[in-house]
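S.K.: Below are the structure tokens for one structure; questions will follow.
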Amino acid sequence: MPMTVETETRAGEAGHSGAEVRSDLHVRIEPRERGGIKIELQSRVEPYYGDSIRRQAEEVLEALGVRHALVEIHDEGALPFVIAARIEAAVRRSGLGFGTRVLPDRRALPEPSARDRVRRSRLYVPGSEPKYFINAALHGADGVILDLEDSVHVSEKDAARLLVRNALRAVDFLDCERMVRINQLPLGLEDLDEFVPESPDLILIPKVENPQQVIDAERRIAEIKSDYGITRPIWLMPILESALGIENAFTIAKASEQIVALTIGLEDYTADLGVVKTASGNESLYARQRVVNAARAAGAQAIDSVFGDVSDMDGVRQWGLNSRSLGFEGMGCVHPAQIAVIHEAFAPSSVEIERAQRLVAAYDEAQQKGLGVVSLGSKMIDAPVVQRALKLISRAQAMGLVS
């Protein structure tokens, strides 16, 4: 006599609703054995978009193979890519829909990100909060990081992956580099499976302590790119956040040709040392100098940590100026208000630019006269001085400060 296998039916929920929530929705899906799809919708915009929300919900459920269910939706102004991600997460949490993706229409991909592009600022956006996605690029950061790690509660990791995946397809990030911070490996490998097919520009790998972690991530990215026929580059930025990671900085920086930058996470690093993170940064000076040296030696950019006090703009400015003096080319942002201050801190001043131009002009004139060394005022100008001046001019050009 054949055995009968009973499948337990359970409800799945995803998303958020409430007075303080915007651009999101909460959905609860209760699978049933019969009766078709019944949708109960509450929405601030129901008179205008209620029919559209119901229709999209039906289409997503059908694509996920859900034929019979009670669906309760409490909408707080979610856009279609968010609606689709939340319904897909709820369906998966109900035990259905695995192996199937419901993807929003994809915007035209921007031009591939250049290896040496300017990375003064990168704005962190919680991957579980779609309200921050839409306008993230309007603040003018060089990069926007859709974060799947520290800013996302462990219970929301699965749903955040779907939101980030859909955002990479549907949101216009303007001229910002489209970055994603994955979770610490091995969980981060699951993140890659979900969003790498959408061709992000750069992936940050947190809590890297040895080159094998970078190699594992690079290998998985290459496999996914091959599966989907992706040829455009996806760059890597390891984050060093422990004493061991700092000691292995150079071997990590050389672990992959896709590494374009090396950065440091000071909250975790100082916690590993057992010291307090201060505004002066004296406790992390060794680590930051090591990151700069390792990055330069490996041909990558050095990017500093975030400055966590969003109310202290003078502190942000001073940190940025100090970072630049150490050799960093940028830092992270935890609030849009920090971006303009950071850009100013990492920009060469008009005095620096003018002096660099005069140095180069004087050296060129000396070379034409057959002189190896020339003086400008009391300063002797030789090849290393000129190279430094040329780098400053090149950086100023990349920032649009000189033609």
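Letters A, B, ... mark the chains of the structure tokens in the order given; residue numbers begin at 1 per chain; ligand numbers begin at 1, in order shown.
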Using only C-alpha atoms, which residues sit within 8 Å of range 144-153 of chain A once same-chain residues fewer than 2 positions away are excluded, as a PyMOL selection string?
M.R.: chain A and resi 122-128+136-137+141-142+155-157+160-161+164+173+176-184
S.K.: Skipping near chain neighbours, those fewer than 2 positions away, what residues fall within 12 Å of Asp364 in chain A using only C-alpha atoms, listed as a list in words?
M.R.: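 Contacts, in chain order: Gln357, Arg358, Leu359, Val360, Ala361, Ala362, Ala366, Gln367, Gln368, Lys369, Gly370, Leu371, Gly372, Val373, Val374, Ile381, Asp382, Ala383, Val386 and Leu390 of chain A.
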S.K.: Once you have the residues from the selection above, write them out as a PDB file, in the first residue's frame, restricted to N, CA, C and O atoms.
M.R.:
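And here is the file that came out, out_16.pdb:
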```pdb
ATOM      1  N   GLN A 357      50.993  72.341 -10.388  1.00  0.00           N
ATOM      2  CA  GLN A 357      51.113  72.731 -11.794  1.00  0.00           C
ATOM      3  C   GLN A 357      52.415  73.499 -12.043  1.00  0.00           C
ATOM      4  O   GLN A 357      53.081  73.301 -13.063  1.00  0.00           O
ATOM      5  N   ARG A 358      52.786  74.361 -11.092  1.00  0.00           N
ATOM      6  CA  ARG A 358      54.034  75.107 -11.245  1.00  0.00           C
ATOM      7  C   ARG A 358      55.249  74.181 -11.152  1.00  0.00           C
ATOM      8  O   ARG A 358      56.235  74.347 -11.881  1.00  0.00           O
ATOM      9  N   LEU A 359      55.173  73.178 -10.262  1.00  0.00           N
ATOM     10  CA  LEU A 359      56.258  72.208 -10.149  1.00  0.00           C
ATOM     11  C   LEU A 359      56.471  71.457 -11.459  1.00  0.00           C
ATOM     12  O   LEU A 359      57.598  71.315 -11.951  1.00  0.00           O
ATOM     13  N   VAL A 360      55.374  70.995 -12.031  1.00  0.00           N
ATOM     14  CA  VAL A 360      55.466  70.221 -13.264  1.00  0.00           C
ATOM     15  C   VAL A 360      55.980  71.090 -14.406  1.00  0.00           C
ATOM     16  O   VAL A 360      56.842  70.667 -15.198  1.00  0.00           O
ATOM     17  N   ALA A 361      55.479  72.318 -14.479  1.00  0.00           N
ATOM     18  CA  ALA A 361      55.917  73.221 -15.549  1.00  0.00           C
ATOM     19  C   ALA A 361      57.412  73.528 -15.422  1.00  0.00           C
ATOM     20  O   ALA A 361      58.151  73.531 -16.421  1.00  0.00           O
ATOM     21  N   ALA A 362      57.871  73.774 -14.188  1.00  0.00           N
ATOM     22  CA  ALA A 362      59.292  74.074 -13.985  1.00  0.00           C
ATOM     23  C   ALA A 362      60.164  72.871 -14.322  1.00  0.00           C
ATOM     24  O   ALA A 362      61.244  73.016 -14.922  1.00  0.00           O
ATOM     25  N   ALA A 366      63.005  72.478 -17.250  1.00  0.00           N
ATOM     26  CA  ALA A 366      64.375  72.042 -16.950  1.00  0.00           C
ATOM     27  C   ALA A 366      64.769  70.861 -17.820  1.00  0.00           C
ATOM     28  O   ALA A 366      65.914  70.782 -18.296  1.00  0.00           O
ATOM     29  N   GLN A 367      63.860  69.939 -18.038  1.00  0.00           N
ATOM     30  CA  GLN A 367      64.154  68.780 -18.881  1.00  0.00           C
ATOM     31  C   GLN A 367      64.478  69.204 -20.306  1.00  0.00           C
ATOM     32  O   GLN A 367      65.382  68.653 -20.946  1.00  0.00           O
ATOM     33  N   GLN A 368      63.731  70.185 -20.798  1.00  0.00           N
ATOM     34  CA  GLN A 368      63.992  70.671 -22.159  1.00  0.00           C
ATOM     35  C   GLN A 368      65.363  71.317 -22.273  1.00  0.00           C
ATOM     36  O   GLN A 368      65.987  71.324 -23.345  1.00  0.00           O
ATOM     37  N   LYS A 369      65.860  71.812 -21.135  1.00  0.00           N
ATOM     38  CA  LYS A 369      67.192  72.433 -21.120  1.00  0.00           C
ATOM     39  C   LYS A 369      68.295  71.430 -20.778  1.00  0.00           C
ATOM     40  O   LYS A 369      69.450  71.805 -20.664  1.00  0.00           O
ATOM     41  N   GLY A 370      67.884  70.165 -20.563  1.00  0.00           N
ATOM     42  CA  GLY A 370      68.863  69.141 -20.249  1.00  0.00           C
ATOM     43  C   GLY A 370      69.268  69.093 -18.798  1.00  0.00           C
ATOM     44  O   GLY A 370      70.300  68.506 -18.457  1.00  0.00           O
ATOM     45  N   LEU A 371      68.487  69.683 -17.905  1.00  0.00           N
ATOM     46  CA  LEU A 371      68.783  69.694 -16.480  1.00  0.00           C
ATOM     47  C   LEU A 371      68.003  68.599 -15.775  1.00  0.00           C
ATOM     48  O   LEU A 371      66.804  68.423 -16.012  1.00  0.00           O
ATOM     49  N   GLY A 372      68.647  67.843 -14.894  1.00  0.00           N
ATOM     50  CA  GLY A 372      67.976  66.767 -14.168  1.00  0.00           C
ATOM     51  C   GLY A 372      67.255  67.255 -12.945  1.00  0.00           C
ATOM     52  O   GLY A 372      66.253  66.678 -12.514  1.00  0.00           O
ATOM     53  N   VAL A 373      67.743  68.313 -12.335  1.00  0.00           N
ATOM     54  CA  VAL A 373      67.167  68.856 -11.107  1.00  0.00           C
ATOM     55  C   VAL A 373      67.043  70.361 -11.260  1.00  0.00           C
ATOM     56  O   VAL A 373      67.910  71.010 -11.849  1.00  0.00           O
ATOM     57  N   VAL A 374      65.958  70.910 -10.737  1.00  0.00           N
ATOM     58  CA  VAL A 374      65.741  72.345 -10.802  1.00  0.00           C
ATOM     59  C   VAL A 374      65.115  72.788  -9.491  1.00  0.00           C
ATOM     60  O   VAL A 374      64.522  71.988  -8.776  1.00  0.00           O
ATOM     61  N   ILE A 381      63.438  70.349  -7.068  1.00  0.00           N
ATOM     62  CA  ILE A 381      62.459  69.532  -7.790  1.00  0.00           C
ATOM     63  C   ILE A 381      63.197  68.435  -8.525  1.00  0.00           C
ATOM     64  O   ILE A 381      64.025  68.704  -9.402  1.00  0.00           O
ATOM     65  N   ASP A 382      62.896  67.191  -8.165  1.00  0.00           N
ATOM     66  CA  ASP A 382      63.422  66.066  -8.908  1.00  0.00           C
ATOM     67  C   ASP A 382      62.264  65.135  -9.257  1.00  0.00           C
ATOM     68  O   ASP A 382      61.098  65.431  -8.983  1.00  0.00           O
ATOM     69  N   ALA A 383      62.566  64.001  -9.863  1.00  0.00           N
ATOM     70  CA  ALA A 383      61.519  63.128 -10.409  1.00  0.00           C
ATOM     71  C   ALA A 383      60.476  62.701  -9.370  1.00  0.00           C
ATOM     72  O   ALA A 383      59.267  62.732  -9.658  1.00  0.00           O
ATOM     73  N   VAL A 386      57.996  65.442  -8.750  1.00  0.00           N
ATOM     74  CA  VAL A 386      57.130  65.648  -9.912  1.00  0.00           C
ATOM     75  C   VAL A 386      56.053  64.559  -9.986  1.00  0.00           C
ATOM     76  O   VAL A 386      54.893  64.830 -10.295  1.00  0.00           O
ATOM     77  N   LEU A 390      52.139  65.163 -10.207  1.00  0.00           N
ATOM     78  CA  LEU A 390      51.307  64.646 -11.294  1.00  0.00           C
ATOM     79  C   LEU A 390      50.128  63.842 -10.757  1.00  0.00           C
ATOM     80  O   LEU A 390      49.012  63.916 -11.290  1.00  0.00           O
TER      81      LEU A 390
END
```
S.K.: Smallest atom-to-atom distance to Glu111 in chain A: which of A:Leu174, A:Cys333, A:Val276, A:Leu79, using only C-alpha atoms?
M.R.: A:Leu174
S.K.: In Å, with one decimal, what is the gap from CA of Glu218 in chain A to CA of Ile205 in chain A?
M.R.: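 Going from CA of Glu218 in chain A over to CA of Ile205 in chain A, I get 10.2 Å.
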S.K.: Which residues, written as a VMD selection string, have at least one atom at most 10 Å from Ala114 in chain A, with only C-alpha atoms counted and residues fewer than 2 positions away on the same chain left out?
M.R.: chain A and resid 111 to 112 116 to 118 177 201 233 235 260
S.K.: Export N, CA and C atoms of the chosen residues as a PDB file, in the first residue's frame?
M.R.:
```
ATOM      1  N   GLU A 111      27.418  52.132 -17.585  1.00  0.00           N
ATOM      2  CA  GLU A 111      28.738  51.725 -18.066  1.00  0.00           C
ATOM      3  C   GLU A 111      29.488  51.013 -16.938  1.00  0.00           C
ATOM      4  N   PRO A 112      30.305  50.019 -17.269  1.00  0.00           N
ATOM      5  CA  PRO A 112      31.071  49.340 -16.218  1.00  0.00           C
ATOM      6  C   PRO A 112      31.916  50.320 -15.413  1.00  0.00           C
ATOM      7  N   ASP A 116      40.058  52.323 -11.474  1.00  0.00           N
ATOM      8  CA  ASP A 116      40.686  53.407 -10.722  1.00  0.00           C
ATOM      9  C   ASP A 116      39.765  54.606 -10.545  1.00  0.00           C
ATOM     10  N   ARG A 117      38.479  54.407 -10.601  1.00  0.00           N
ATOM     11  CA  ARG A 117      37.562  55.535 -10.464  1.00  0.00           C
ATOM     12  C   ARG A 117      37.697  56.176  -9.082  1.00  0.00           C
ATOM     13  N   VAL A 118      37.223  57.403  -8.967  1.00  0.00           N
ATOM     14  CA  VAL A 118      37.278  58.122  -7.691  1.00  0.00           C
ATOM     15  C   VAL A 118      36.324  57.455  -6.698  1.00  0.00           C
ATOM     16  N   GLU A 177      28.685  54.348  -7.961  1.00  0.00           N
ATOM     17  CA  GLU A 177      29.116  52.965  -8.109  1.00  0.00           C
ATOM     18  C   GLU A 177      28.178  52.091  -7.289  1.00  0.00           C
ATOM     19  N   ASP A 201      28.558  46.655  -9.384  1.00  0.00           N
ATOM     20  CA  ASP A 201      29.890  47.115  -9.787  1.00  0.00           C
ATOM     21  C   ASP A 201      30.974  46.593  -8.858  1.00  0.00           C
ATOM     22  N   PRO A 233      33.189  43.616 -15.521  1.00  0.00           N
ATOM     23  CA  PRO A 233      33.898  43.349 -14.269  1.00  0.00           C
ATOM     24  C   PRO A 233      33.014  43.558 -13.040  1.00  0.00           C
ATOM     25  N   TRP A 235      34.155  44.258  -9.253  1.00  0.00           N
ATOM     26  CA  TRP A 235      35.341  44.494  -8.442  1.00  0.00           C
ATOM     27  C   TRP A 235      35.127  44.050  -6.999  1.00  0.00           C
ATOM     28  N   VAL A 260      40.171  46.147  -6.156  1.00  0.00           N
ATOM     29  CA  VAL A 260      40.508  47.517  -6.554  1.00  0.00           C
ATOM     30  C   VAL A 260      40.764  48.403  -5.346  1.00  0.00           C
TER      31      VAL A 260
END
```
S.K.: Show which residues sit within 8 Å of range 221-230 of chain A, as number ranges by chain. Count only C-alpha atoms, and ignore same-chain residues fewer than 2 positions away.
M.R.: A: 192-193, 196-197, 199, 217-219, 232
S.K.: Taking into account only C-alpha atoms, which residue in the set A:Val45, A:Arg10, A:Pro104, A:Gly50 is nearest to Ala90 in chain A?
M.R.: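 The closest residue to Ala90 in chain A is A:Arg10.
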S.K.: Which residues are close to range 394-398 of chain A, i.e. within 9 Å by only C-alpha atoms, leaving aside same-chain residues fewer than 2 positions away? Reply as a tab-separated table (two decimals) with all heavy atoms, in the first residue's frame.
M.R.:
```tsv
chain	number	residue	atom	x	y	z
A	117	ARG	N	38.48	54.41	-10.60
A	117	ARG	CA	37.56	55.53	-10.46
A	117	ARG	C	37.70	56.18	-9.08
A	117	ARG	O	38.21	55.57	-8.13
A	117	ARG	CB	36.12	55.10	-10.70
A	117	ARG	CG	35.56	54.15	-9.67
A	117	ARG	CD	34.03	54.13	-9.73
A	117	ARG	NE	33.45	55.36	-9.21
A	117	ARG	CZ	32.23	55.79	-9.48
A	117	ARG	NH1	31.46	55.10	-10.29
A	117	ARG	NH2	31.77	56.89	-8.95
A	118	VAL	N	37.22	57.40	-8.97
A	118	VAL	CA	37.28	58.12	-7.69
A	118	VAL	C	36.32	57.46	-6.70
A	118	VAL	O	35.15	57.21	-7.00
A	118	VAL	CB	36.90	59.60	-7.89
A	118	VAL	CG1	36.76	60.30	-6.54
A	118	VAL	CG2	37.94	60.31	-8.75
A	347	ALA	N	39.63	66.52	-1.29
A	347	ALA	CA	39.94	67.24	-2.52
A	347	ALA	C	41.21	68.07	-2.35
A	347	ALA	O	41.38	68.73	-1.31
A	347	ALA	CB	38.77	68.16	-2.88
A	348	PRO	N	42.09	68.06	-3.32
A	348	PRO	CA	43.24	68.96	-3.26
A	348	PRO	C	42.76	70.42	-3.25
A	348	PRO	O	41.80	70.76	-3.95
A	348	PRO	CB	44.01	68.64	-4.55
A	348	PRO	CG	43.50	67.32	-5.01
A	348	PRO	CD	42.09	67.23	-4.53
A	349	SER	N	43.41	71.25	-2.47
A	349	SER	CA	43.03	72.66	-2.43
A	349	SER	C	43.53	73.37	-3.68
A	349	SER	O	44.40	72.87	-4.41
A	349	SER	CB	43.61	73.33	-1.19
A	349	SER	OG	45.03	73.40	-1.29
A	353	ILE	N	46.86	72.55	-5.93
A	353	ILE	CA	46.79	72.31	-7.38
A	353	ILE	C	47.71	73.28	-8.12
A	353	ILE	O	48.48	72.89	-9.02
A	353	ILE	CB	45.34	72.45	-7.88
A	353	ILE	CG1	44.46	71.35	-7.28
A	353	ILE	CG2	45.29	72.40	-9.40
A	353	ILE	CD1	42.98	71.54	-7.52
A	389	ALA	N	53.35	65.41	-7.71
A	389	ALA	CA	52.56	66.52	-8.24
A	389	ALA	C	51.63	66.05	-9.35
A	389	ALA	O	50.47	66.48	-9.44
A	389	ALA	CB	53.49	67.62	-8.75
A	390	LEU	N	52.14	65.16	-10.21
A	390	LEU	CA	51.31	64.65	-11.29
A	390	LEU	C	50.13	63.84	-10.76
A	390	LEU	O	49.01	63.92	-11.29
A	390	LEU	CB	52.15	63.78	-12.23
A	390	LEU	CG	53.13	64.54	-13.13
A	390	LEU	CD1	54.08	63.57	-13.83
A	390	LEU	CD2	52.37	65.37	-14.16
A	391	LYS	N	50.36	63.07	-9.70
A	391	LYS	CA	49.26	62.31	-9.09
A	391	LYS	C	48.20	63.24	-8.52
A	391	LYS	O	47.00	62.99	-8.66
A	391	LYS	CB	49.80	61.39	-7.99
A	391	LYS	CG	50.55	60.18	-8.50
A	391	LYS	CD	51.02	59.29	-7.34
A	391	LYS	CE	51.74	58.06	-7.85
A	391	LYS	NZ	52.21	57.18	-6.74
A	392	LEU	N	48.64	64.33	-7.90
A	392	LEU	CA	47.68	65.28	-7.35
A	392	LEU	C	46.87	65.93	-8.47
A	392	LEU	O	45.63	66.07	-8.35
A	392	LEU	CB	48.43	66.34	-6.54
A	392	LEU	CG	47.54	67.32	-5.75
A	392	LEU	CD1	48.20	67.68	-4.42
A	392	LEU	CD2	47.25	68.59	-6.54
A	400	GLY	N	37.04	66.67	-11.17
A	400	GLY	CA	36.45	67.80	-11.90
A	400	GLY	C	36.90	69.15	-11.40
A	400	GLY	O	36.26	70.16	-11.66
A	401	LEU	N	38.04	69.19	-10.67
A	401	LEU	CA	38.50	70.45	-10.11
A	401	LEU	C	39.35	71.25	-11.08
A	401	LEU	O	39.49	72.47	-10.96
A	401	LEU	CB	39.32	70.18	-8.83
A	401	LEU	CG	38.57	69.44	-7.72
A	401	LEU	CD1	39.52	69.17	-6.54
A	401	LEU	CD2	37.37	70.25	-7.26
A	402	VAL	N	39.98	70.56	-12.05
A	402	VAL	CA	40.73	71.22	-13.12
A	402	VAL	C	40.40	70.52	-14.42
A	402	VAL	O	39.99	69.36	-14.44
A	402	VAL	CB	42.25	71.19	-12.86
A	402	VAL	CG1	42.60	71.99	-11.63
A	402	VAL	CG2	42.75	69.76	-12.76
A	403	SER	N	40.60	71.22	-15.51
A	403	SER	CA	40.32	70.63	-16.83
A	403	SER	C	41.49	69.79	-17.26
A	403	SER	O	42.60	69.93	-16.74
A	403	SER	CB	40.05	71.74	-17.85
A	403	SER	OG	41.17	72.59	-17.95
```
S.K.: Write out as a Markdown table a residue-level contact list of range 273-303 of chain A versus range 313-321 of chain A with cut-off 10 Å: for each qualifying residue the closest pair of atoms and the distance in Å to one decimal, counting only C-alpha atoms, rows sorted by chain and residue number upward.
M.R.:
```
| residue | atom | partner | partner_atom | distance |
| --- | --- | --- | --- | --- |
| A:Ala279 | CA | A:Gly315 | CA | 7.0 |
| A:Ser280 | CA | A:Trp319 | CA | 7.7 |
| A:Gly281 | CA | A:Trp319 | CA | 8.3 |
```
S.K.: Can you pull out the residues contacting Glu58 in chain A? Cut-off 10 Å, using only C-alpha atoms, and skip same-chain residues under 5 positions away; I want them as a list in words.
M.R.: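 Here the answer would be Ile37, Lys38, Ile39, Ser52, Ile53, Ala63, Leu64, Val66, Arg67, Val71 and Ile87 of chain A.
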S.K.: Using only C-alpha atoms, which residues sit within 6 Å of range 169-171 of chain A once same-chain residues fewer than 2 positions away are excluded, as a PyMOL selection string?
M.R.: chain A and resi 106-107+166-167
S.K.: Would you export the selected residues with all heavy atoms as a CSV table (one decimal), in the first residue's frame, please?
M.R.:
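Contents of out.csv, freshly written:
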```
chain,number,residue,atom,x,y,z
A,106,ARG,N,14.4,45.1,-15.8
A,106,ARG,CA,15.7,45.7,-15.5
A,106,ARG,C,15.9,47.0,-16.3
A,106,ARG,O,15.7,47.1,-17.5
A,106,ARG,CB,16.8,44.7,-15.9
A,106,ARG,CG,18.2,45.2,-15.8
A,106,ARG,CD,19.2,44.3,-16.4
A,106,ARG,NE,19.7,43.3,-15.4
A,106,ARG,CZ,20.4,42.2,-15.7
A,106,ARG,NH1,20.7,42.0,-17.0
A,106,ARG,NH2,20.8,41.4,-14.8
A,107,ARG,N,16.4,48.0,-15.5
A,107,ARG,CA,16.9,49.2,-16.2
A,107,ARG,C,18.1,48.9,-17.0
A,107,ARG,O,18.8,47.9,-16.7
A,107,ARG,CB,17.2,50.3,-15.2
A,107,ARG,CG,16.0,50.7,-14.3
A,107,ARG,CD,16.5,51.8,-13.3
A,107,ARG,NE,16.8,53.0,-14.0
A,107,ARG,CZ,16.0,53.9,-14.3
A,107,ARG,NH1,14.7,53.8,-14.0
A,107,ARG,NH2,16.4,55.0,-15.0
A,166,ASN,N,16.4,43.0,-6.4
A,166,ASN,CA,15.5,43.8,-7.1
A,166,ASN,C,15.9,45.2,-7.3
A,166,ASN,O,15.6,45.8,-8.4
A,166,ASN,CB,14.1,43.7,-6.5
A,166,ASN,CG,13.4,42.3,-6.7
A,166,ASN,OD1,14.1,41.4,-7.3
A,166,ASN,ND2,12.2,42.2,-6.4
A,167,ALA,N,16.5,45.8,-6.3
A,167,ALA,CA,16.9,47.2,-6.4
A,167,ALA,C,18.0,47.4,-7.4
A,167,ALA,O,18.0,48.3,-8.2
A,167,ALA,CB,17.5,47.7,-5.0
```
